Amino acid sequence: MGDATDGVGRVDVAAPAEAWTVATFDLVGFALLLLLPVHLSGALGDALAGLGTVPGLLLFGYLWVLVAVSVRWVLADGGLVGRSGPSSLLARGALGGACVGSGFVAGVVIVGGAVLAIDDPSIVTSLAVFGSIAVAVAAIVGAVVGALFAVVNVALARVSEWVVPLADADATATNAEGGAGDP
Amino acid sequence: MSNALHLLVRLVHVLGMAAVLGGTVVGWQTLRAGSEVPLATVRRVEVVFWAAMGLLVATGVGNLGTLGPPGPSTRWGTVLTIKLSIVIGVVALSAVRSLAVLRLRAGESALPGVAFDRLRLLYASTAWGLIAVVALAEALAHG
């Protein structure tokens, strides 16, 4: 993994760690925010009953990899707060989310379809049609989720800026205050 | 085979919680003991924290699938609702804490007092939140 620089030549070893933190936070947050309402609706037992342990863990791992790769791309060239404006992060978040959504469903359709097609090769055409529609829908849903999480991520990053203001920012603020008082 | 798999999933879940809680307490106590942030240590804690948190959620969902959770109106379901709510809060606070730690660069370990106290408070609050989650998990497992 390559390290980014912070614009003044210092190597920023935190960049890969930031991508890892944001990616896992997004994945975990998404899973928990999905889990809680399903549990409150009383449908959690039925929803999980149809999913075996091994397939469930494999799907989670696959989604984790997709989100990690996507977030690394989204945060490349500036990180969460270092880019020119939040709109570019929102656009990249939506695009990254669309890639995750479509990639996840495409993977499931291809692997699941291949298993089904071994028994019945005649379903390949209908699987391709169904799969294409599912991938398109997943891309739209993923884009919305990606944009929402981009907003959440930036909000959390802003709070973290308040928790630990950078020394550079402090010096700038101090200088600005001092400058304003000069005759 | 099935029982062995479920035991393995539970083992990873327990180890994941040990790593998450242990790492958070290490960060908290390290900041309590000194006046500077040991950057390499807390960064490593944060990276391991999120790896373990991902495993915790994956294996937690696996455990729920095995147990077949009852509805939210039961006592067990109510405890699960509270546990999930606290976990969401801990995850959000931990994201703020991790991003704050990762903003620090080499040579910036001596933070202003207020920032240092805020960071220590974040470690403490997430640690206590995780302790509450462990207590609720014990109630779910053993009634």
# chains A, B, ... in the order shown; residues from 1 in each chain; ligands from 1
$ select_by_dssp --residues "chain B" --states "alpha helix (DSSP H)" --output "VMD selection string"
chain B and resid 2 to 33 39 to 67 75 to 103 113 to 142
$ interface_residues --of "chain B" --to "chain A" --cutoff "9 Å" --atoms "only C-alpha atoms" --output "ChimeraX atom specification"
/B:5-6,9,43,46-47,49-51,53-54,57-59,61-73,77,80-81,84-85,87-88,91-105,108,111-112,114-116,118-119
$ write_last_selection --atoms "C-alpha atoms" --output "CSV table (one decimal), in the first residue's frame"
chain,number,residue,atom,x,y,z
B,5,LEU,CA,-18.3,-24.6,13.0
B,6,HIS,CA,-20.6,-22.9,15.4
B,9,VAL,CA,-17.8,-18.8,15.1
B,43,ARG,CA,-2.6,3.8,15.7
B,46,GLU,CA,-7.3,1.5,16.0
B,47,VAL,CA,-6.3,-0.7,13.0
B,49,PHE,CA,-9.9,-2.5,16.6
B,50,TRP,CA,-11.7,-2.2,13.2
B,51,ALA,CA,-10.5,-5.6,12.0
B,53,MET,CA,-15.1,-5.1,15.0
B,54,GLY,CA,-15.7,-6.4,11.4
B,57,VAL,CA,-20.4,-8.2,13.5
B,58,ALA,CA,-19.9,-11.0,11.0
B,59,THR,CA,-19.8,-13.7,13.7
B,61,VAL,CA,-24.9,-12.2,12.8
B,62,GLY,CA,-23.8,-15.9,12.4
B,63,ASN,CA,-24.6,-16.5,16.1
B,64,LEU,CA,-28.1,-14.9,15.7
B,65,GLY,CA,-28.7,-17.1,12.7
B,66,THR,CA,-27.8,-20.2,14.7
B,67,LEU,CA,-29.9,-19.2,17.7
B,68,GLY,CA,-32.9,-18.2,15.7
B,69,PRO,CA,-33.7,-15.0,17.7
B,70,PRO,CA,-37.2,-14.6,19.1
B,71,GLY,CA,-39.3,-11.4,18.4
B,72,PRO,CA,-38.4,-8.0,19.9
B,73,SER,CA,-41.3,-8.1,22.4
B,77,GLY,CA,-35.5,-9.6,22.1
B,80,LEU,CA,-30.9,-7.7,22.0
B,81,THR,CA,-32.5,-4.4,20.9
B,84,LEU,CA,-27.6,-3.5,19.1
B,85,SER,CA,-28.4,0.1,20.0
B,87,VAL,CA,-23.2,-1.2,19.7
B,88,ILE,CA,-24.3,1.3,17.1
B,91,VAL,CA,-19.3,2.1,16.6
B,92,ALA,CA,-20.1,5.8,15.9
B,93,LEU,CA,-18.0,7.1,18.8
B,94,SER,CA,-15.1,4.7,17.9
B,95,ALA,CA,-15.1,6.1,14.3
B,96,VAL,CA,-14.7,9.6,15.7
B,97,ARG,CA,-12.0,8.4,18.0
B,98,SER,CA,-10.1,6.5,15.3
B,99,LEU,CA,-10.3,9.4,12.8
B,100,ALA,CA,-9.0,11.8,15.6
B,101,VAL,CA,-6.1,9.5,16.3
B,102,LEU,CA,-5.3,9.1,12.6
B,103,ARG,CA,-5.2,12.9,12.1
B,104,LEU,CA,-2.2,13.0,14.4
B,105,ARG,CA,1.2,12.9,12.7
B,108,GLU,CA,2.3,15.9,17.2
B,111,LEU,CA,-1.6,17.6,22.4
B,112,PRO,CA,-3.1,20.6,24.0
B,114,VAL,CA,-8.3,20.0,26.0
B,115,ALA,CA,-7.8,17.8,23.0
B,116,PHE,CA,-5.9,15.2,25.1
B,118,ARG,CA,-11.3,14.7,24.7
B,119,LEU,CA,-9.4,11.8,23.2
$ residues_around --residues "Ile86 (chain B)" --least-positions-apart "6" --cutoff "9 Å" --atoms "only C-alpha atoms" --output "number ranges by chain"
B: 129-130, 132-133
$ write_last_selection --atoms "N, CA and C atoms" --output "tab-separated table (two decimals), in the first residue's frame"
chain	number	residue	atom	x	y	z
B	129	GLY	N	-18.88	1.57	27.10
B	129	GLY	CA	-19.94	1.07	26.22
B	129	GLY	C	-19.73	-0.39	25.87
B	130	LEU	N	-18.48	-0.75	25.60
B	130	LEU	CA	-18.17	-2.15	25.26
B	130	LEU	C	-18.38	-3.07	26.48
B	132	ALA	N	-20.62	-2.61	28.73
B	132	ALA	CA	-22.08	-2.79	28.78
B	132	ALA	C	-22.52	-3.84	27.75
B	133	VAL	N	-21.91	-3.81	26.58
B	133	VAL	CA	-22.26	-4.79	25.54
B	133	VAL	C	-21.90	-6.20	26.01
$ select_by_dssp --residues "chain A" --states "strand (DSSP E)" --output "list in words"
Ala4, Thr5, Val11 and Asp12 of chain A
$ atom_distance --atom1 "CA of Gly23 (chain B)" --atom2 "CA of Gly60 (chain B)"
19.2 Å
$ residues_around --residues "Phe130 (chain A)" --least-positions-apart "6" --cutoff "12 Å" --atoms "only C-alpha atoms" --output "PDB file with C-alpha atoms, in the first residue's frame"
ATOM      1  CA  VAL A 105     -25.000  -8.686  -6.677  1.00  0.00           C
ATOM      2  CA  ALA A 106     -23.034  -9.609  -9.804  1.00  0.00           C
ATOM      3  CA  VAL A 109     -25.613 -13.983  -9.407  1.00  0.00           C
ATOM      4  CA  ILE A 110     -22.548 -15.381 -11.194  1.00  0.00           C
ATOM      5  CA  GLY A 113     -26.124 -18.964 -11.301  1.00  0.00           C
ATOM      6  CA  ILE A 123     -31.799 -21.288 -17.183  1.00  0.00           C
ATOM      7  CA  VAL A 124     -28.672 -19.405 -18.273  1.00  0.00           C
ATOM      8  CA  ALA A 136     -28.698  -2.321 -12.223  1.00  0.00           C
ATOM      9  CA  VAL A 137     -31.039  -2.021  -9.229  1.00  0.00           C
TER      10      VAL A 137
END
$ atom_distance --atom1 "CA of Gly78 (chain A)" --atom2 "CA of Gly96 (chain A)"
15.5 Å
$ residues_around --residues "Ala139 (chain B)" --least-positions-apart "5" --cutoff "9 Å" --atoms "only C-alpha atoms" --output "PDB file with N, CA, C and O atoms, in the first residue's frame"
ATOM      1  N   TRP B  76     -35.717 -11.533  25.841  1.00  0.00           N
ATOM      2  CA  TRP B  76     -34.474 -11.751  25.099  1.00  0.00           C
ATOM      3  C   TRP B  76     -34.363 -10.756  23.943  1.00  0.00           C
ATOM      4  O   TRP B  76     -33.310 -10.161  23.700  1.00  0.00           O
ATOM      5  N   VAL B  79     -33.509  -7.277  25.206  1.00  0.00           N
ATOM      6  CA  VAL B  79     -32.080  -7.155  25.538  1.00  0.00           C
ATOM      7  C   VAL B  79     -31.251  -7.027  24.259  1.00  0.00           C
ATOM      8  O   VAL B  79     -30.310  -6.229  24.176  1.00  0.00           O
ATOM      9  N   VAL B 134     -20.750  -6.354  26.659  1.00  0.00           N
ATOM     10  CA  VAL B 134     -20.352  -7.677  27.171  1.00  0.00           C
ATOM     11  C   VAL B 134     -21.358  -8.157  28.219  1.00  0.00           C
ATOM     12  O   VAL B 134     -21.765  -9.330  28.216  1.00  0.00           O
TER      13      VAL B 134
END
$ atom_distance --atom1 "CA of Leu75 (chain A)" --atom2 "CA of Ala98 (chain A)"
15.5 Å
$ closest_residue --among "A:Val71, A:Gly142, A:Leu89, A:Ser126" --to "Gly103 (chain A)" --atoms "only C-alpha atoms"
A:Gly142
$ residues_around --residues "Val45 (chain B)" --least-positions-apart "4" --cutoff "10 Å" --atoms "only C-alpha atoms" --output "PyMOL selection string"
chain B and resi 19-20+22-27+39-41+49-50+98
